[in-house]
Amino acid sequence: MLLGVHLCGTLSLRAVDLFNDSPSFFFLGLKPCCLPPAFFAQRGDVFGSANGHCFAAKAVAVAGKWQRGKWVGGASRQELQRKFAVWVDNLSRCVECDVEGGGGEGGEEAGGAGRGVVAVEQHRVQSLWFLNDFIFCSRPWAALAPRSATSAAHAAGPEASGTLAAVPAPNRSNGAGVSEARRAAVVANFDEARREAKRARRAGRRGDAERAAAERRR
(Lines give C-alpha, C1' and ligand atoms only; values in the text may rest on other atoms or scores of the structure.)
Protein backbone atom coordinates (compact mmCIF):
# COMPACT_ATOMS: atom_id res chain seq x y z
CA MET A 1 0.00 0.00 0.00
CA LEU A 2 1.01 3.58 -0.56
CA LEU A 3 -0.41 6.22 1.80
CA GLY A 4 0.15 9.95 1.44
CA VAL A 5 -1.42 12.20 4.07
CA HIS A 6 -1.52 16.00 3.80
CA LEU A 7 1.04 16.11 1.00
CA CYS A 8 1.81 19.70 0.05
CA GLY A 9 2.11 20.97 -3.49
CA THR A 10 3.67 18.65 -6.05
CA LEU A 11 4.36 15.99 -3.39
CA SER A 12 0.84 14.71 -4.12
CA LEU A 13 1.78 14.38 -7.78
CA ARG A 14 4.96 12.58 -6.77
CA ALA A 15 2.95 10.08 -4.71
CA VAL A 16 0.77 9.39 -7.76
CA ASP A 17 3.90 8.89 -9.84
CA LEU A 18 5.32 6.38 -7.33
CA PHE A 19 2.04 4.46 -7.40
CA ASN A 20 1.94 4.44 -11.21
CA ASP A 21 5.59 3.38 -11.40
CA SER A 22 5.24 0.36 -9.10
CA PRO A 23 2.72 -2.34 -10.11
CA SER A 24 3.34 -4.02 -6.75
CA PHE A 25 1.34 -1.24 -5.06
CA PHE A 26 -2.25 -2.47 -5.00
CA PHE A 27 -3.77 0.39 -2.99
CA LEU A 28 -3.33 4.17 -2.95
CA GLY A 29 -4.70 6.46 -0.26
CA LEU A 30 -3.90 10.12 -0.95
CA LYS A 31 -4.92 13.21 1.01
CA PRO A 32 -3.75 16.30 -0.94
CA CYS A 33 -3.04 19.48 0.99
CA CYS A 34 -1.56 22.78 -0.19
CA LEU A 35 -1.69 23.79 -3.85
CA PRO A 36 1.45 24.21 -5.98
CA PRO A 37 3.11 27.65 -5.73
CA ALA A 38 2.56 30.36 -8.34
CA PHE A 39 6.00 30.16 -9.96
CA PHE A 40 4.94 27.01 -11.83
CA ALA A 41 2.18 29.02 -13.50
CA GLN A 42 4.47 31.97 -14.15
CA ARG A 43 6.83 29.70 -16.09
CA GLY A 44 3.98 28.29 -18.18
CA ASP A 45 4.51 24.78 -16.83
CA VAL A 46 2.26 21.77 -17.11
CA PHE A 47 1.74 18.88 -14.69
CA GLY A 48 0.98 15.32 -15.68
CA SER A 49 1.76 11.65 -15.32
CA ALA A 50 2.96 8.69 -17.32
CA ASN A 51 -0.62 7.72 -18.23
CA GLY A 52 -0.76 10.70 -20.62
CA HIS A 53 -2.99 13.04 -18.64
CA CYS A 54 -1.61 16.56 -18.27
CA PHE A 55 -2.96 19.98 -17.31
CA ALA A 56 -1.78 23.57 -17.08
CA ALA A 57 -0.16 24.64 -13.81
CA LYS A 58 -2.18 27.86 -14.10
CA ALA A 59 -5.30 25.84 -13.33
CA VAL A 60 -4.12 24.97 -9.82
CA ALA A 61 -1.16 27.14 -8.77
CA VAL A 62 -1.73 29.98 -6.30
CA ALA A 63 0.19 32.82 -4.67
CA GLY A 64 0.45 32.71 -0.88
CA LYS A 65 1.46 30.43 1.95
CA TRP A 66 0.46 29.21 5.40
CA GLN A 67 1.95 31.20 8.24
CA ARG A 68 1.28 30.33 11.89
CA GLY A 69 -1.92 28.54 10.99
CA LYS A 70 -3.27 31.33 8.77
CA TRP A 71 -3.33 31.72 5.00
CA VAL A 72 -1.30 34.73 3.87
CA GLY A 73 -1.27 35.70 0.21
CA GLY A 74 -3.10 37.13 -2.75
CA ALA A 75 -5.39 34.15 -3.41
CA SER A 76 -8.84 34.40 -1.87
CA ARG A 77 -10.62 31.54 -0.12
CA GLN A 78 -12.98 31.27 -3.11
CA GLU A 79 -10.06 30.89 -5.53
CA LEU A 80 -8.34 28.38 -3.26
CA GLN A 81 -11.47 26.25 -2.95
CA ARG A 82 -12.11 26.30 -6.69
CA LYS A 83 -8.52 25.44 -7.57
CA PHE A 84 -8.32 22.72 -4.91
CA ALA A 85 -11.29 20.97 -6.53
CA VAL A 86 -9.53 21.18 -9.92
CA TRP A 87 -6.30 19.90 -8.34
CA VAL A 88 -7.98 16.86 -6.79
CA ASP A 89 -9.83 16.07 -10.02
CA ASN A 90 -6.64 16.18 -12.09
CA LEU A 91 -4.66 14.17 -9.54
CA SER A 92 -7.30 11.45 -9.71
CA ARG A 93 -7.06 11.47 -13.51
CA CYS A 94 -3.30 11.00 -13.26
CA VAL A 95 -3.67 7.76 -11.28
CA GLU A 96 -3.04 4.64 -13.35
CA CYS A 97 -5.50 1.95 -12.25
CA ASP A 98 -4.70 -0.68 -14.86
CA VAL A 99 -1.68 -2.93 -14.41
CA GLU A 100 0.05 -5.17 -16.89
CA GLY A 101 0.51 -8.00 -14.43
CA GLY A 102 -2.15 -9.06 -11.97
CA GLY A 103 -2.66 -11.56 -9.24
CA GLY A 104 -1.04 -12.44 -5.96
CA GLU A 105 -1.57 -15.53 -3.87
CA GLY A 106 -4.28 -17.62 -5.42
CA GLY A 107 -4.62 -15.18 -8.33
CA GLU A 108 -3.33 -14.91 -11.85
CA GLU A 109 0.38 -15.16 -12.43
CA ALA A 110 2.32 -11.97 -13.10
CA GLY A 111 2.08 -10.98 -16.73
CA GLY A 112 -1.70 -11.02 -16.90
CA ALA A 113 -3.90 -7.93 -17.01
CA GLY A 114 -5.82 -6.21 -14.27
CA ARG A 115 -8.16 -3.25 -13.97
CA GLY A 116 -8.56 -1.15 -10.87
CA VAL A 117 -10.86 1.57 -9.58
CA VAL A 118 -10.06 5.15 -8.61
CA ALA A 119 -12.46 7.24 -6.53
CA VAL A 120 -12.58 10.67 -4.91
CA GLU A 121 -14.29 10.76 -1.53
CA GLN A 122 -15.02 13.51 0.96
CA HIS A 123 -14.32 12.89 4.65
CA ARG A 124 -14.65 15.88 6.92
CA VAL A 125 -11.40 16.28 8.83
CA GLN A 126 -11.39 20.08 8.85
CA SER A 127 -14.30 22.08 10.18
CA LEU A 128 -13.05 25.56 9.24
CA TRP A 129 -11.37 24.78 5.92
CA PHE A 130 -12.26 22.77 2.82
CA LEU A 131 -9.38 20.32 2.32
CA ASN A 132 -11.55 17.26 2.90
CA ASP A 133 -11.06 15.36 -0.36
CA PHE A 134 -9.35 11.97 -0.46
CA ILE A 135 -8.23 9.97 -3.51
CA PHE A 136 -8.36 6.17 -3.31
CA CYS A 137 -7.33 3.59 -5.86
CA SER A 138 -7.39 -0.19 -5.60
CA ARG A 139 -6.07 -2.48 -8.31
CA PRO A 140 -4.79 -6.05 -8.68
CA TRP A 141 -1.35 -6.75 -7.25
CA ALA A 142 1.43 -7.51 -9.71
CA ALA A 143 4.80 -9.10 -8.94
CA LEU A 144 6.71 -6.67 -11.14
CA ALA A 145 9.63 -4.34 -10.49
CA PRO A 146 9.12 -0.56 -10.75
CA ARG A 147 9.15 0.56 -14.38
CA SER A 148 11.75 3.23 -13.67
CA ALA A 149 14.18 0.63 -12.31
CA THR A 150 13.68 -1.54 -15.39
CA SER A 151 14.17 1.42 -17.72
CA ALA A 152 17.30 2.52 -15.86
CA ALA A 153 18.79 -0.98 -16.02
CA HIS A 154 18.15 -1.23 -19.77
CA ALA A 155 19.61 2.22 -20.40
CA ALA A 156 22.73 1.49 -18.35
CA GLY A 157 23.39 -1.87 -20.00
CA PRO A 158 24.41 -5.24 -18.57
CA GLU A 159 27.52 -3.83 -16.87
CA ALA A 160 25.24 -1.92 -14.46
CA SER A 161 23.41 -5.03 -13.30
CA GLY A 162 22.41 -4.84 -9.65
CA THR A 163 22.52 -1.03 -9.50
CA LEU A 164 19.76 1.54 -9.80
CA ALA A 165 20.44 4.67 -11.81
CA ALA A 166 18.89 7.95 -10.79
CA VAL A 167 15.66 8.46 -12.71
CA PRO A 168 14.22 11.98 -12.87
CA ALA A 169 10.65 12.35 -11.63
CA PRO A 170 8.52 12.54 -14.80
CA ASN A 171 5.71 14.57 -13.27
CA ARG A 172 7.51 17.68 -12.07
CA SER A 173 6.92 20.83 -14.04
CA ASN A 174 7.43 20.23 -17.76
CA GLY A 175 9.18 16.92 -17.19
CA ALA A 176 5.97 14.93 -17.51
CA GLY A 177 7.04 13.46 -20.83
CA VAL A 178 5.09 16.19 -22.62
CA SER A 179 6.49 17.62 -25.83
CA GLU A 180 7.01 21.36 -26.11
CA ALA A 181 4.26 21.53 -28.73
CA ARG A 182 1.76 19.80 -26.48
CA ARG A 183 2.82 21.87 -23.46
CA ALA A 184 2.19 25.06 -25.43
CA ALA A 185 -1.17 23.71 -26.64
CA VAL A 186 -2.31 22.75 -23.12
CA VAL A 187 -1.45 26.19 -21.77
CA ALA A 188 -3.04 27.94 -24.77
CA ASN A 189 -6.25 25.90 -24.41
CA PHE A 190 -6.45 26.76 -20.72
CA ASP A 191 -5.94 30.47 -21.43
CA GLU A 192 -8.64 30.44 -24.11
CA ALA A 193 -11.09 28.59 -21.85
CA ARG A 194 -10.46 31.13 -19.10
CA ARG A 195 -11.05 34.04 -21.51
CA GLU A 196 -14.26 32.42 -22.75
CA ALA A 197 -15.52 31.95 -19.18
CA LYS A 198 -14.77 35.61 -18.45
CA ARG A 199 -16.69 36.69 -21.58
CA ALA A 200 -19.63 34.52 -20.51
CA ARG A 201 -19.66 36.08 -17.04
CA ARG A 202 -19.60 39.58 -18.52
CA ALA A 203 -22.41 38.70 -20.91
CA GLY A 204 -24.41 37.31 -18.00
CA ARG A 205 -23.93 40.50 -16.00
CA ARG A 206 -24.95 42.62 -18.97
CA GLY A 207 -28.01 40.46 -19.42
CA ASP A 208 -28.96 40.87 -15.77
CA ALA A 209 -28.50 44.64 -16.01
CA GLU A 210 -30.62 44.87 -19.17
CA ARG A 211 -33.39 42.79 -17.61
CA ALA A 212 -33.33 44.96 -14.50
CA ALA A 213 -33.52 48.14 -16.65
CA ALA A 214 -36.48 46.70 -18.58
CA GLU A 215 -38.27 45.96 -15.31
CA ARG A 216 -37.69 49.51 -14.13
CA ARG A 217 -39.10 50.92 -17.40
CA ARG A 218 -42.31 49.03 -16.80
# chains A, B, ... in the order shown; residues from 1 in each chain; ligands from 1

$ closest_atom_pairs --of "segment 24-96 of chain A" --to "segment 194-215 of chain A" --cutoff "12 Å" --atoms "only C-alpha atoms" --output "CSV"
residue,atom,partner,partner_atom,distance
A:Ala56,CA,A:Arg194,CA,11.7
A:Lys58,CA,A:Arg194,CA,10.2
A:Ala59,CA,A:Arg194,CA,9.4

$ residues_around --residues "Ala85 of chain A" --least-positions-apart "6" --cutoff "12 Å" --atoms "only C-alpha atoms" --output "list in words"
Pro32, Cys33, Cys34, Leu35, Ala59, Val60, Gln78, Glu79, Leu91, Ser92, Val120, Glu121, Gln122, Phe130, Leu131, Asn132, Asp133, Phe134 and Ile135 of chain A

$ closest_residue --among "A:Leu80, A:Ala75, A:Val86, A:Val95" --to "Trp129 of chain A" --atoms "only C-alpha atoms"
A:Leu80

$ select_by_dssp --residues "segment 14-55 of chain A" --states "helix (DSSP H, G or I)" --output "list in words"
Arg14, Ala15, Val16, Asp17, Leu18, Phe19, Asn20, Asp21, Phe39, Phe40, Ala41 and Gln42 of chain A

$ atom_distance --atom1 "atom CA of Lys31 of chain A" --atom2 "atom CA of Asp17 of chain A"
14.6 Å

$ closest_atom_pairs --of "segment 19-51 of chain A" --to "segment 137-153 of chain A" --cutoff "10 Å" --atoms "only C-alpha atoms" --output "Markdown table"
| residue | atom | partner | partner_atom | distance |
| --- | --- | --- | --- | --- |
| A:Phe19 | CA | A:Pro146 | CA | 9.3 |
| A:Asn20 | CA | A:Pro146 | CA | 8.8 |
| A:Asp21 | CA | A:Pro146 | CA | 5.3 |
| A:Ser22 | CA | A:Pro146 | CA | 4.3 |
| A:Pro23 | CA | A:Ala142 | CA | 5.3 |
| A:Ser24 | CA | A:Ala142 | CA | 5.0 |
| A:Phe25 | CA | A:Trp141 | CA | 6.5 |
| A:Phe26 | CA | A:Trp141 | CA | 4.9 |
| A:Phe27 | CA | A:Ser138 | CA | 4.5 |
| A:Leu28 | CA | A:Cys137 | CA | 5.0 |
| A:Gly29 | CA | A:Cys137 | CA | 6.8 |
| A:Leu30 | CA | A:Cys137 | CA | 8.9 |

$ write_last_selection --atoms "N, CA, C and O atoms" --output "mmCIF file, in the first residue's frame"
data_model
loop_
_atom_site.group_PDB
_atom_site.id
_atom_site.type_symbol
_atom_site.label_atom_id
_atom_site.label_comp_id
_atom_site.auth_asym_id
_atom_site.auth_seq_id
_atom_site.Cartn_x
_atom_site.Cartn_y
_atom_site.Cartn_z
ATOM 1 N N PHE A 19 3.058 5.501 -7.272
ATOM 2 C CA PHE A 19 2.040 4.458 -7.395
ATOM 3 C C PHE A 19 1.984 3.938 -8.829
ATOM 4 O O PHE A 19 1.947 2.722 -9.063
ATOM 5 N N ASN A 20 1.996 4.852 -9.798
ATOM 6 C CA ASN A 20 1.944 4.442 -11.207
ATOM 7 C C ASN A 20 3.181 3.639 -11.597
ATOM 8 O O ASN A 20 3.109 2.726 -12.422
ATOM 9 N N ASP A 21 4.316 3.999 -11.022
ATOM 10 C CA ASP A 21 5.587 3.377 -11.400
ATOM 11 C C ASP A 21 5.740 1.964 -10.862
ATOM 12 O O ASP A 21 6.494 1.169 -11.421
ATOM 13 N N SER A 22 5.020 1.639 -9.787
ATOM 14 C CA SER A 22 5.236 0.360 -9.102
ATOM 15 C C SER A 22 3.986 -0.507 -9.131
ATOM 16 O O SER A 22 3.069 -0.313 -8.321
ATOM 17 N N PRO A 23 3.899 -1.459 -10.047
ATOM 18 C CA PRO A 23 2.723 -2.342 -10.111
ATOM 19 C C PRO A 23 2.492 -3.146 -8.845
ATOM 20 O O PRO A 23 1.390 -3.671 -8.638
ATOM 21 N N SER A 24 3.520 -3.250 -7.981
ATOM 22 C CA SER A 24 3.336 -4.017 -6.746
ATOM 23 C C SER A 24 2.497 -3.262 -5.715
ATOM 24 O O SER A 24 2.062 -3.858 -4.729
ATOM 25 N N PHE A 25 2.276 -1.965 -5.911
ATOM 26 C CA PHE A 25 1.336 -1.236 -5.063
ATOM 27 C C PHE A 25 -0.086 -1.564 -5.523
ATOM 28 O O PHE A 25 -0.439 -1.310 -6.674
ATOM 29 N N PHE A 26 -0.880 -2.106 -4.632
ATOM 30 C CA PHE A 26 -2.253 -2.468 -5.001
ATOM 31 C C PHE A 26 -3.288 -1.504 -4.427
ATOM 32 O O PHE A 26 -4.467 -1.597 -4.747
ATOM 33 N N PHE A 27 -2.832 -0.564 -3.569
ATOM 34 C CA PHE A 27 -3.775 0.388 -2.986
ATOM 35 C C PHE A 27 -3.089 1.737 -2.801
ATOM 36 O O PHE A 27 -1.943 1.808 -2.353
ATOM 37 N N LEU A 28 -3.806 2.797 -3.155
ATOM 38 C CA LEU A 28 -3.326 4.171 -2.949
ATOM 39 C C LEU A 28 -4.349 4.928 -2.115
ATOM 40 O O LEU A 28 -5.552 4.925 -2.418
ATOM 41 N N GLY A 29 -3.879 5.548 -1.050
ATOM 42 C CA GLY A 29 -4.702 6.460 -0.263
ATOM 43 C C GLY A 29 -3.993 7.801 -0.203
ATOM 44 O O GLY A 29 -2.911 7.902 0.363
ATOM 45 N N LEU A 30 -4.571 8.822 -0.823
ATOM 46 C CA LEU A 30 -3.903 10.115 -0.952
ATOM 47 C C LEU A 30 -4.789 11.229 -0.417
ATOM 48 O O LEU A 30 -5.952 11.349 -0.802
#

$ closest_residue --among "A:Ser76, A:Ser49, A:Gln126, A:Gln81" --to "Arg93 of chain A" --atoms "only C-alpha atoms"
A:Ser49

$ atom_distance --atom1 "atom CA of Arg182 of chain A" --atom2 "atom CA of Gly64 of chain A"
28.7 Å

$ closest_residue --among "A:Arg14, A:His6, A:Lys70, A:Arg216" --to "Phe47 of chain A" --atoms "only C-alpha atoms"
A:Arg14
